[in-house]
>>> print(open('upload01.cif').read())   # mmCIF, C-alpha atoms
data_start
loop_
_atom_site.group_PDB
_atom_site.id
_atom_site.type_symbol
_atom_site.label_atom_id
_atom_site.label_comp_id
_atom_site.auth_asym_id
_atom_site.auth_seq_id
_atom_site.Cartn_x
_atom_site.Cartn_y
_atom_site.Cartn_z
ATOM 1 C CA MET A 216 91.216 100.566 119.769
ATOM 2 C CA THR A 217 88.291 100.565 117.375
ATOM 3 C CA ILE A 218 87.750 103.025 114.568
ATOM 4 C CA GLU A 219 84.211 103.159 113.277
ATOM 5 C CA VAL A 220 83.645 104.616 109.838
ATOM 6 C CA PRO A 221 80.255 104.321 108.167
ATOM 7 C CA PRO A 222 80.494 102.742 104.697
ATOM 8 C CA ALA A 223 78.820 105.801 103.165
ATOM 9 C CA GLN A 224 81.763 107.923 104.310
ATOM 10 C CA LEU A 225 84.213 105.434 102.806
ATOM 11 C CA TYR A 226 82.383 105.529 99.481
ATOM 12 C CA ALA A 227 82.395 109.345 99.593
ATOM 13 C CA LEU A 228 86.142 109.300 100.253
ATOM 14 C CA ALA A 229 86.685 106.884 97.370
ATOM 15 C CA ASP A 230 84.660 109.115 95.043
ATOM 16 C CA ALA A 231 86.599 112.200 96.139
ATOM 17 C CA LEU A 232 89.917 110.442 95.482
ATOM 18 C CA ARG A 233 88.760 109.349 92.037
ATOM 19 C CA SER A 234 87.692 112.907 91.291
ATOM 20 C CA GLN A 235 91.105 114.176 92.323
ATOM 21 C CA SER A 236 92.750 111.584 90.079
ATOM 22 C CA GLU A 237 90.864 113.031 87.114
ATOM 23 C CA GLU A 238 92.151 116.466 88.049
ATOM 24 C CA ALA A 239 95.708 115.133 88.278
ATOM 25 C CA ASP A 240 95.268 113.580 84.815
ATOM 26 C CA GLU A 241 94.445 117.040 83.490
ATOM 27 C CA VAL A 242 97.800 118.341 84.717
ATOM 28 C CA ALA A 243 99.645 116.161 82.229
ATOM 29 C CA VAL A 244 97.285 117.193 79.437
ATOM 30 C CA ARG A 245 97.712 120.904 80.171
ATOM 31 C CA LEU A 246 101.497 120.722 80.430
ATOM 32 C CA THR A 247 102.069 118.531 77.376
ATOM 33 C CA GLY A 248 101.422 121.246 74.793
ATOM 34 C CA ALA A 249 102.996 124.099 76.724
ATOM 35 C CA PRO A 250 105.550 125.934 74.593
ATOM 36 C CA ALA A 251 109.063 126.069 75.986
ATOM 37 C CA PRO A 252 110.946 129.325 75.764
ATOM 38 C CA SER A 253 113.760 129.561 73.294
ATOM 39 C CA GLY A 254 117.301 130.112 74.337
ATOM 40 C CA ARG A 255 119.339 128.727 77.179
ATOM 41 C CA LEU A 256 116.375 128.010 79.438
ATOM 42 C CA GLY A 257 114.379 126.097 76.825
ATOM 43 C CA THR A 258 115.902 122.703 77.583
ATOM 44 C CA ALA A 259 115.558 123.165 81.348
ATOM 45 C CA VAL A 260 111.927 124.251 81.029
ATOM 46 C CA GLU A 261 111.139 121.258 78.787
ATOM 47 C CA ALA A 262 112.691 118.892 81.342
ATOM 48 C CA PHE A 263 110.794 120.620 84.152
ATOM 49 C CA LEU A 264 107.459 120.289 82.322
ATOM 50 C CA GLU A 265 108.156 116.656 81.409
ATOM 51 C CA ALA A 266 108.946 115.825 85.042
ATOM 52 C CA HIS A 267 105.709 117.458 86.186
ATOM 53 C CA CYS A 268 103.729 115.577 83.535
ATOM 54 C CA SER A 269 105.185 112.313 84.817
ATOM 55 C CA ALA A 270 104.504 113.267 88.431
ATOM 56 C CA GLY A 271 100.912 114.216 87.589
ATOM 57 C CA ALA A 272 100.348 110.882 85.865
ATOM 58 C CA ALA A 273 101.862 109.005 88.826
ATOM 59 C CA VAL A 274 99.748 110.887 91.369
ATOM 60 C CA ALA A 275 96.626 110.294 89.267
ATOM 61 C CA GLY A 276 97.327 106.560 89.172
ATOM 62 C CA GLU A 277 97.916 106.386 92.915
ATOM 63 C CA LEU A 278 94.724 108.316 93.686
ATOM 64 C CA ARG A 279 92.724 106.050 91.376
ATOM 65 C CA TRP A 280 94.208 102.945 93.043
ATOM 66 C CA LEU A 281 93.573 104.308 96.541
ATOM 67 C CA GLY A 282 89.963 105.211 95.708
ATOM 68 C CA SER A 283 89.328 101.735 94.281
ATOM 69 C CA THR A 284 90.954 100.077 97.288
ATOM 70 C CA ILE A 285 88.877 102.069 99.783
ATOM 71 C CA ALA A 286 85.674 101.226 97.896
ATOM 72 C CA ALA A 287 86.673 97.544 97.841
ATOM 73 C CA VAL A 288 87.267 97.619 101.607
ATOM 74 C CA ALA A 289 83.818 99.156 102.164
ATOM 75 C CA ASP A 290 82.288 96.459 99.934
ATOM 76 C CA SER A 291 84.111 93.787 101.916
ATOM 77 C CA TRP A 292 82.975 95.207 105.260
ATOM 78 C CA LEU A 293 79.377 95.351 104.096
ATOM 79 C CA GLY A 294 79.622 91.771 102.816
ATOM 80 C CA LEU A 295 81.065 90.618 106.128
ATOM 81 C CA ASP A 296 78.407 92.454 108.107
ATOM 82 C CA GLY A 297 75.709 90.949 105.905
ATOM 83 C CA SER A 298 77.044 87.451 106.431
ATOM 84 C CA LEU A 299 77.110 87.889 110.210
ATOM 85 C CA LEU A 300 73.559 89.154 110.532
ATOM 86 C CA PRO A 301 70.837 86.547 110.860
ATOM 87 C CA THR A 302 68.241 86.237 108.174
ATOM 88 C CA ARG A 303 64.597 86.891 108.992
ATOM 89 C CA ASP A 304 62.837 84.150 110.977
ATOM 90 C CA ARG A 305 66.086 82.381 111.791
ATOM 91 C CA ALA A 306 67.468 81.921 115.281
ATOM 92 C CA VAL A 307 71.023 82.904 116.121
ATOM 93 C CA PRO A 308 72.948 80.483 118.382
ATOM 94 C CA ARG A 309 74.476 82.057 121.486
#
>>> encode(input="upload01.cif", output="structure tokens")
Amino acid sequence: MTIEVPPAQLYALADALRSQSEEADEVAVRLTGAPAPSGRLGTAVEAFLEAHCSAGAAVAGELRWLGSTIAAVADSWLGLDGSLLPTRDRAVPR
């Protein structure tokens, strides 16, 4: 089975993933300064917000890595395609 994906679509996917990683980074920033309620729930809410900050940072890192990896794969495919194509005025053995 062959799956054909144009490199432009891979680059668009990589850009979208990087954009989403920036949004996930903002989650941690927004939750860091959130005030916890006082009383019995304060500690639980602080732990909840801290866990979500950590999860947001982890998701952001994974999205950034995935976007970079997809872009690197597209670069590699284009490099391979370029090396397989003959240059102008040069015969290709068959």
>>> atom_distance(input="upload01.cif", atom1="atom CA of A:Glu219", atom2="atom CA of A:Glu237")
28.7 Å
>>> closest_residue(input="upload01.cif", among="A:Arg255, A:Ala287, A:Gly282, A:Leu295", to="A:Ala227", atoms="all atoms listed in the file")
A:Gly282
>>> resolve_selection(input="upload01.cif", expression="the PyMOL selection byres ((chain A and resi 251) around 10)", output="PyMOL selection string")
chain A and resi 248-250+252-254+256-264
>>> atom_distance(input="upload01.cif", atom1="atom CA of A:Ser236", atom2="atom CA of A:Gly276")
6.9 Å
>>> residues_around(input="upload01.cif", residues="A:Leu228", least_positions_apart="3", cutoff="9 Å", atoms="all atoms listed in the file", output="list in words")
Ala223, Gln224, Leu225, Ala231, Leu232, Arg233, Gly282, Ile285 and Ala286 of chain A
>>> resolve_selection(input="upload01.cif", expression="the PyMOL selection byres ((chain A and resi 240) around 12)", output="list of chain:residue names")
A:Arg233, A:Ser234, A:Gln235, A:Ser236, A:Glu237, A:Glu238, A:Ala239, A:Glu241, A:Val242, A:Ala243, A:Val244, A:Arg245, A:Leu246, A:Thr247, A:His267, A:Cys268, A:Ser269, A:Ala270, A:Gly271, A:Ala272, A:Ala273, A:Val274, A:Ala275, A:Gly276, A:Glu277, A:Leu278, A:Arg279
>>> atom_distance(input="upload01.cif", atom1="atom CA of A:Trp292", atom2="atom CA of A:Thr217")
14.3 Å
